[in-house]
Structure formats: structure tokens, C-alpha cells
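Encoded as C-alpha cells, the structure appears first; notes follow it.
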Amino acid sequence: MSTDSQSPVLVWFRDDHRLSDHPALAAAVATGSRVLCFAVLDDDSDGLRPLGGATRWWLHGSLEALDDALRRTGSGLLVFKGSALSIVGRIAIEAGASAIFWNRRYSAAEIAVDRAIKKHLTDLGIRAHSFNGRLLHEPWTIANQAGKPFQVFTPYLRAVMARPVAAALPPPKRIPGGTWPSALLDAAIPVGALGLEPSSPDWADGMRAEWRRGERAGQEGFERFCRESLRGYADNRDHPSVQGTSRLSPHLRFGEISPRQIWHGVTAEAAREPSLARDAEKYLSEIIWRDFSHQMLHYYPHMPDRPHSSRFDRFPWSEDAKAVRAWQKGRTGYPIVDAGMRQLWQTGWMHNRVRMIAASFLVKHLLTDWRRGEAWFWDTLVDADPANNAFSWQWIAGSGPDSAPFHRIFNPVAQGEKFDPDGDYIRSFVPEIAELPSGFIHKPWDAPPAVLHAAGVRRGETYPDPIVPHGPARERALQAFRSLRSVADLPS
DNA sequence: TAAAAGTTACG
DNA sequence: GTAACTTTT
């Protein structure tokens with residue numbers, strides 16, 4: 001521990017709203033200087049994508065929780081609003097800081113902002129230190145035999161599984177708090193005044209009922225997952241009516257838990273109880289998909305904007321605004337799709353299996369450009385992030401690296417029957433067909449009139465008929481895909 | 001992390 | 001007729 005220094009050091013929190021396993025915070029504390037913590041709501045930097053509605057809602061609670069935690073161990077959190085480049089420079093100068101610490105980000109715009117700030121501060125004689133607080137491994141540390149980034153998930157998975165993961169850091173016992181200059185205190189904005197939560201209409205009730213935000217909620221959610229849902233995860237994770245997944249995605253999104261903490265926690269569980277090995281490995285592979293998405297975003301910065309595979313540049317997407325609206329509102333007439341889209345709208349989250357079905361439906365049955373879906377999820381998911389959202393949409397659309405082939409088209413009825421056999425998931429989100437017997441709940445249009453009547457369902461009135469028929473829609477999608485084939489690709 | 005069509009084996 | 005397996009999209 002170095003001696004006390006006159007000038008404070010800064011920690012800039014960005015989607016790493018925790019005190020435990022926070023390398024930047026730990027390094028700042030280790031300097032022995034006073035530590036001032038801040039965050040920036042940046043809707044202004046060039047190219048930086050403003051948060052969607054659901055993530056803004058989550059951010060509110062996440063920042064409040066972080067401020068509380070920092071008040072208990074240090075001097076709290078100041079939040080500023082505006083372009084990070086101008087604000088962070090000003091903060092560093094006015095606070096008289098000797099150094100600034102942060103954990104890295106991975107989208108192109110974020111990297112550009114951070115690089116510009118680092119240069120600006122370095123020119124002013126202020127050191128900027130960056131760390132890995134977000135991933136198991138930095139993208140540039142995992143490469144194949146040829147020294148290139150992996151393009152296929154399975155070998156990437158094997159490489160990561162064979163590699164040790166850095167230990168998770170404990171939270172600092174005490175953070176030597178400093179005093180902010182009054183000009184900065186005046187410039188900061190209370191979290192409640194940032195306008196992150198909706199007022200009228202207040203659409204966040206369903207999300208409030210579903211989630212607790214902040215590090216404590218994230219850590220407790222993880223402990224609960226290990227206790228209650230890790231056993232059986234590999235089988236249960238695909239059944240949306242079962243509490244079979246970890247539901248940690250928004251906590252990971254905002255860094256309320258780190259992937260390193262998850263890695264070591266799950267590994268310890270499996271070491272204690274060898275029968276958990278298969279479930280633990282399956283769960284960790286999902287965490288590794290998350291690293292893989294970030295690696296892809298790092299190497300292919302246009303992942304959110306353009307198809308990774310250029311053959312999709314000329315895909316004949318259609319623009320059916322009415323159909324897209326029906327998809328967004330959960331009125332497609334396919335119960336599993338509608339249940340998922342309504343779960344998303346009400347709770348800010350959708351079960352992974354259903355995400356695949358609903359996304360496949362938008363892209364393949366409706367022939368909608370995946371970027372429309374990506375934008376909707378960006379606005380409505382509490383876990384929306386630049387890497388996972390873009391990568392996963394490209395994956396389902398078939399245009400991404402190592403993605404599902406385009407001709408893999410989910411049948412929403414068959415998927416519903418397979419993964420929600422009793423229709424419990426559908427019943428909880430599509431109440432107007434809840435009384436249908438399980439045999440018809442995935443295809444109300446097949447139910448005899450007497451069954452519909454008994455269930456109080458009037459086709460096309462209380463619940464829509466399918467907006468596109470499955471068989472012809474499937475054929476149309478395959479036809480569109482075939483149209484991409486160039487002469488050179490045709491079999492000779 | 002698929003579905004549908006085609007083919008074969010067996011009654 | 002249909003279950004099991006293979007091929008195609």
C-alpha cells in the first residue's frame with residue numbers, strides 16, 4: 001500500500017455496478033489515495049447508442065443501489081449527464097485527480113470514446129488505467145492455433161474451458177472517501193432526476209413486480225440459482241414454464257455480478273457435488289456464449305449494424321409494418337410467440353427458448369430484417385446489451401458467425417408442444433386462451449367450435465388467427481434464401 | 001439449440 | 001400403416 005497522496009483518484013463506473021470483483025475499484029483503493037466514484041449517463045457521444053426504455057428503467061435502480069453501497073463504504077456516487085469526453089475531462093481536472101480507473105467496454109463507439117478520453121487525460125498528465133471487469137477473458141487473449149479469433153463456438157468453448165479464470169476479487173473493506181469540489185457537486189444530478197424511470201404512463205409496474213435491481217439482488221439471485229436451479233439446469237432450461245434458468249442476464253448486463261464470480265461459484269458447486277457436472281458445464285457454456293458475443297463485437301464492430309455474412313446484404317426483406325406491430329404486441333395468432341412477446345413487454349425479459357422461437361418467427365415467417373427485431377429488443381429487454389443482442393439476432397437470422405442456418409426454421413406449434421407441453425407458460429401470458437385444453441392451446445385454430453365455445457374463445461375476435469400460415473411462410477422464407485444463391489453457388 | 005420430405009424395414 | 005432412419009431445405 002502506497003502512502004497517502006494529496007490528490008484523489010477517480011473510479012468511473014460503467015455497467016459494472018458492484019463493489020465485489022471490481023478490478024478498477026480495487027486498483028484505485030490499492031493506491032492508498034482518496035477515491036471518488038462517478039458514473040455518466042451519456043446520450044450524447046457520437047455513435048454511442050442511447051439506452052432503450054427497459055435498460056433505462058433498470059439503470060435507475062442499479063445506480064441507486066450502487067450509490068447506497070458506496071455510501072456505506074466510501075463517499076457515494078456522483079452521476080453526471082452528457083457527453084463523456086467533455087465531462088470526464090472536466091471531472092478529472094476539477095477534482096485534481098492524479099489518475100482514473102475503469103473497466104473496459106467493447107462496442108466500437110464505447111471504445112472510441114474511451115480511447116479519446118484516455119488520450120485527453122494523458123495529455124493533461126492524468127493517468128488512465130483500464131481493466132477487465134466484464135468478461136472471463138479479454139477477446140485478444142483467446143485465439144486459435146493460427147493466432148486468429150475463433151469463428152466457431154465449439155472450439156472456442158473448448159479453449160475457454162481448458163483455461164484458468166482469474167480469481168474474483170473481494171469487495172474493498174473500506175474505500176477512503178474524498179470530498180468533491182462544490183462545482184462538481186452542483187453539476188451532478190441525483191439519480192432520481194435523471195428521468196430514467198417512466199412517469200406517465202408508468203409502464204414499469206410489471207418490471208418492478210418481477211425484478212430487484214442492484215448488486216445484492218444479483219448476488220442473491222446467483223446463490224439462489226446455485227441452490228435451487230443448477231441441478232437439472234441442462235434439461236429444465238428449455239422449459240419456459242419452469243424456473244429453470246438463472247435469470248441473471250440483467251444483473252450481468254449492469255455488472256451487478258461478474259462472470260468470474262459465476263465461473264468460480266459454479267465450479268465450486270460442481271467440485272462439491274460431482275453429480276452437478278453436466279448441469280454446471282451447460283450453464284458455464286452459456287456464460288461463455290456471452291464472452292463469445294463480446295469477442296465477436298470486438299473483432300467485428302459492425303455486428304449490430306450489418307449482416308456479418310455479406311451474402312445477406314441482398315436478402316429480400318419485406319416491410320410489413322402491420323405484421324411487425326402484431327409481433328411486438330403479441331398478436332400473431334401463434335400462442336408461444338405471443339406469450340413470449342407479452343412476457344417481454346410486461347416484465348422486460350423473455351425466456352431464452354422463447355426468444356429463439358419469437359425471433360425466428362419475425363425473421364423467417366414474416367421475412368423481417370433482423371435489425372427491426374434487434375431494435376425492439378434493445379428497447380424492451382432489461383438485459384439488452386450491444387454484444388449479446390446483436391450477436392444473437394444475427395445468430396437466429398443465419399447471417400452471423402457460426403449461426404443457425406437460415407433453413408432451420410422453427411415451427412411455433414411444434415416448439416410449443418415440445419417445450420411447453422401443458423401450455424402453462426402460454427396460460428400465464430395469453431389469458432384469453434387459458435381455458436383451452438392442452439391439446440389445442442398451441443393451435444387454437446384446430447379446436448372444434450364446441451371446444452372454443454367452452455373455453456370462451458372466439459377466433460379472430462378474442463384471439464387472432466395466425467397472421468401468416470406456417471407452411472406457406474416457411475416455403476416463402478426458403479425461397480427467399482434460395483434467391484441469394486449466386487450462379488457460382490449452384491450445384492453443377 | 002429444426003423441420004419436413006424422402007427412404008427403408010417390418011408388420 | 002408406421003416407426004426409424006436419412007437427406008434436403
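Residue numbering restarts at 1 in every chain; chains get A, B, ... in the order shown in the C-alpha cells, and ligands count up from 1 in that same order.
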Handout entry: Trp58 in chain A surroundings by only C-alpha atoms (C1' of nucleotides), 12 Å radius, close-in-sequence under 6 positions cut, as a VMD selection string
Key = chain A and resid 15 17 51 to 52 64 to 65 191 196 to 198 204 207 to 208 210 to 214 249 to 256 347 to 349 379 to 384
Problem - Residue hits in chain A, query chain C, radius 12 Å, only C-alpha atoms (C1' of nucleotides), as a list in words - result: Pro405, Phe406, His407, Arg408, Ile409, Arg474, Glu475, Arg476, Ala477, Leu478, Gln479, Ala480, Phe481 and Arg482 of chain A
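Between CA of Arg237 in chain A and CA of His351 in chain A the separation is 8.8 Å.
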Exercise for the section: Please determine the contact residues of chain B with respect to chain A at a cut-off of 12 Å, counting only C-alpha atoms (C1' of nucleotides), and supply them as a ChimeraX atom specification. Expected result: /B:1-4
With N, CA, C and O atoms (P, O5', C5', C4', C3', O3' and C1' of nucleotides) retained, write the just-selected residues as a PDB file, in the first residue's frame.
ATOM      1  P    DT B   1     -28.009 -29.320 -28.805  1.00  0.00           P
ATOM      2  O5'  DT B   1     -27.715 -28.057 -29.795  1.00  0.00           O
ATOM      3  C5'  DT B   1     -28.466 -27.900 -30.939  1.00  0.00           C
ATOM      4  C4'  DT B   1     -29.831 -27.252 -30.657  1.00  0.00           C
ATOM      5  C3'  DT B   1     -30.339 -26.463 -31.855  1.00  0.00           C
ATOM      6  O3'  DT B   1     -31.728 -26.721 -31.995  1.00  0.00           O
ATOM      7  C1'  DT B   1     -30.238 -25.034 -29.972  1.00  0.00           C
ATOM      8  P    DA B   2     -31.984 -27.924 -33.172  1.00  0.00           P
ATOM      9  O5'  DA B   2     -32.998 -27.245 -34.195  1.00  0.00           O
ATOM     10  C5'  DA B   2     -33.868 -26.227 -33.791  1.00  0.00           C
ATOM     11  C4'  DA B   2     -35.054 -26.316 -34.717  1.00  0.00           C
ATOM     12  C3'  DA B   2     -35.975 -27.481 -34.416  1.00  0.00           C
ATOM     13  O3'  DA B   2     -37.303 -27.040 -34.614  1.00  0.00           O
ATOM     14  C1'  DA B   2     -35.077 -27.729 -36.601  1.00  0.00           C
ATOM     15  P    DA B   3     -38.536 -28.035 -34.617  1.00  0.00           P
ATOM     16  O5'  DA B   3     -38.722 -28.285 -36.173  1.00  0.00           O
ATOM     17  C5'  DA B   3     -38.951 -27.139 -36.988  1.00  0.00           C
ATOM     18  C4'  DA B   3     -39.280 -27.557 -38.385  1.00  0.00           C
ATOM     19  C3'  DA B   3     -40.388 -28.603 -38.511  1.00  0.00           C
ATOM     20  O3'  DA B   3     -41.276 -28.119 -39.484  1.00  0.00           O
ATOM     21  C1'  DA B   3     -38.444 -29.339 -39.648  1.00  0.00           C
ATOM     22  P    DA B   4     -42.576 -28.865 -39.927  1.00  0.00           P
ATOM     23  O5'  DA B   4     -42.070 -29.576 -41.267  1.00  0.00           O
ATOM     24  C5'  DA B   4     -41.633 -28.741 -42.334  1.00  0.00           C
ATOM     25  C4'  DA B   4     -41.179 -29.607 -43.470  1.00  0.00           C
ATOM     26  C3'  DA B   4     -42.178 -30.697 -43.882  1.00  0.00           C
ATOM     27  O3'  DA B   4     -42.250 -30.660 -45.290  1.00  0.00           O
ATOM     28  C1'  DA B   4     -40.074 -31.661 -43.486  1.00  0.00           C
TER      29       DA B   4
END
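What separates CA of Glu110 in chain A from CA of Ala84 in chain A is a distance of 9.9 Å.
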Problem - Members of range 38-228 of chain A assigned strand (DSSP E or B) by DSSP, as a list in words - result: Phe38, Ala39, Val40, Leu41, Leu77, Leu78, Val79, Phe80, Lys81, Ala99, Ile100, Phe101, Trp102, Asn103, Arg127, Ala128, His129, Ser130, Phe131 and Gly177 of chain A
Exercise for the section: Quick one: everything within 7 Å of range 309-325 of chain A, counting only C-alpha atoms (C1' of nucleotides), minus sequence neighbours fewer than 4 positions away in the same chain. Send it as number ranges by chain. Expected result: A: 329, 367-369, 399-400, 480, 484
Just list as a short mmCIF file (atom, residue, chain, number, x, y, z; two decimals) with C-alpha atoms, in the first residue's frame whatever in range 33-216 of chain A DSSP marks as alpha helix (DSSP H).
data_model
loop_
_atom_site.label_atom_id
_atom_site.label_comp_id
_atom_site.auth_asym_id
_atom_site.auth_seq_id
_atom_site.Cartn_x
_atom_site.Cartn_y
_atom_site.Cartn_z
CA GLY A 53 -36.59 2.18 -22.22
CA ALA A 54 -36.23 -1.05 -20.23
CA THR A 55 -32.49 -0.66 -19.62
CA ARG A 56 -33.01 2.94 -18.58
CA TRP A 57 -35.51 1.70 -16.02
CA TRP A 58 -33.05 -0.89 -14.75
CA LEU A 59 -30.22 1.64 -14.70
CA HIS A 60 -32.17 3.82 -12.28
CA GLY A 61 -32.38 1.10 -9.64
CA SER A 62 -28.89 -0.10 -10.36
CA LEU A 63 -27.33 3.33 -9.83
CA GLU A 64 -29.35 3.89 -6.65
CA ALA A 65 -28.15 0.58 -5.26
CA LEU A 66 -24.55 1.35 -6.19
CA ASP A 67 -24.78 4.78 -4.58
CA ASP A 68 -26.15 3.20 -1.39
CA ALA A 69 -23.37 0.64 -1.30
CA LEU A 70 -20.71 3.27 -1.92
CA ARG A 71 -22.13 5.48 0.81
CA ARG A 72 -21.74 2.64 3.27
CA THR A 73 -18.11 2.03 2.40
CA ALA A 84 -18.45 11.56 -21.58
CA LEU A 85 -15.48 13.05 -23.40
CA SER A 86 -16.16 16.56 -22.16
CA ILE A 87 -17.49 15.56 -18.75
CA VAL A 88 -14.80 13.11 -17.68
CA GLY A 89 -12.04 15.53 -18.59
CA ARG A 90 -13.71 18.25 -16.59
CA ILE A 91 -14.24 15.97 -13.59
CA ALA A 92 -10.63 14.87 -13.58
CA ILE A 93 -9.33 18.42 -13.75
CA GLU A 94 -11.69 19.98 -11.23
CA ALA A 108 -16.93 0.35 -31.28
CA ALA A 109 -18.40 3.65 -30.09
CA GLU A 110 -17.56 2.95 -26.46
CA ILE A 111 -14.01 2.01 -27.37
CA ALA A 112 -13.65 5.21 -29.41
CA VAL A 113 -14.94 7.33 -26.53
CA ASP A 114 -12.65 5.65 -24.01
CA ARG A 115 -9.65 5.95 -26.27
CA ALA A 116 -10.26 9.65 -26.83
CA ILE A 117 -10.70 10.24 -23.09
CA LYS A 118 -7.56 8.31 -22.28
CA LYS A 119 -5.57 10.42 -24.71
CA HIS A 120 -7.09 13.64 -23.44
CA LEU A 121 -6.29 12.77 -19.82
CA THR A 122 -2.82 11.51 -20.61
CA ASP A 123 -2.09 14.80 -22.34
CA PHE A 153 -18.25 -21.61 -30.94
CA THR A 154 -17.42 -25.23 -30.11
CA PRO A 155 -13.64 -24.95 -30.44
CA TYR A 156 -13.83 -21.58 -28.68
CA LEU A 157 -15.71 -23.27 -25.85
CA ARG A 158 -13.09 -25.99 -25.59
CA ALA A 159 -10.31 -23.43 -25.49
CA VAL A 160 -12.00 -21.42 -22.76
CA MET A 161 -12.93 -24.47 -20.68
CA SER A 182 -18.56 22.07 -4.97
CA ALA A 183 -18.69 22.88 -8.67
CA LEU A 184 -18.90 19.16 -9.42
CA LEU A 185 -21.41 18.56 -6.67
CA ASP A 186 -23.52 21.22 -8.34
CA ALA A 187 -23.07 19.69 -11.79
CA ASP A 205 -45.18 -1.90 -12.89
CA GLY A 206 -44.71 -5.35 -14.39
CA MET A 207 -40.95 -4.95 -14.25
CA ARG A 208 -40.99 -3.68 -10.69
CA ALA A 209 -43.01 -6.71 -9.68
CA GLU A 210 -40.57 -9.03 -11.42
CA GLU A 215 -25.53 -5.93 -6.66
CA ARG A 216 -27.18 -7.53 -3.65
#
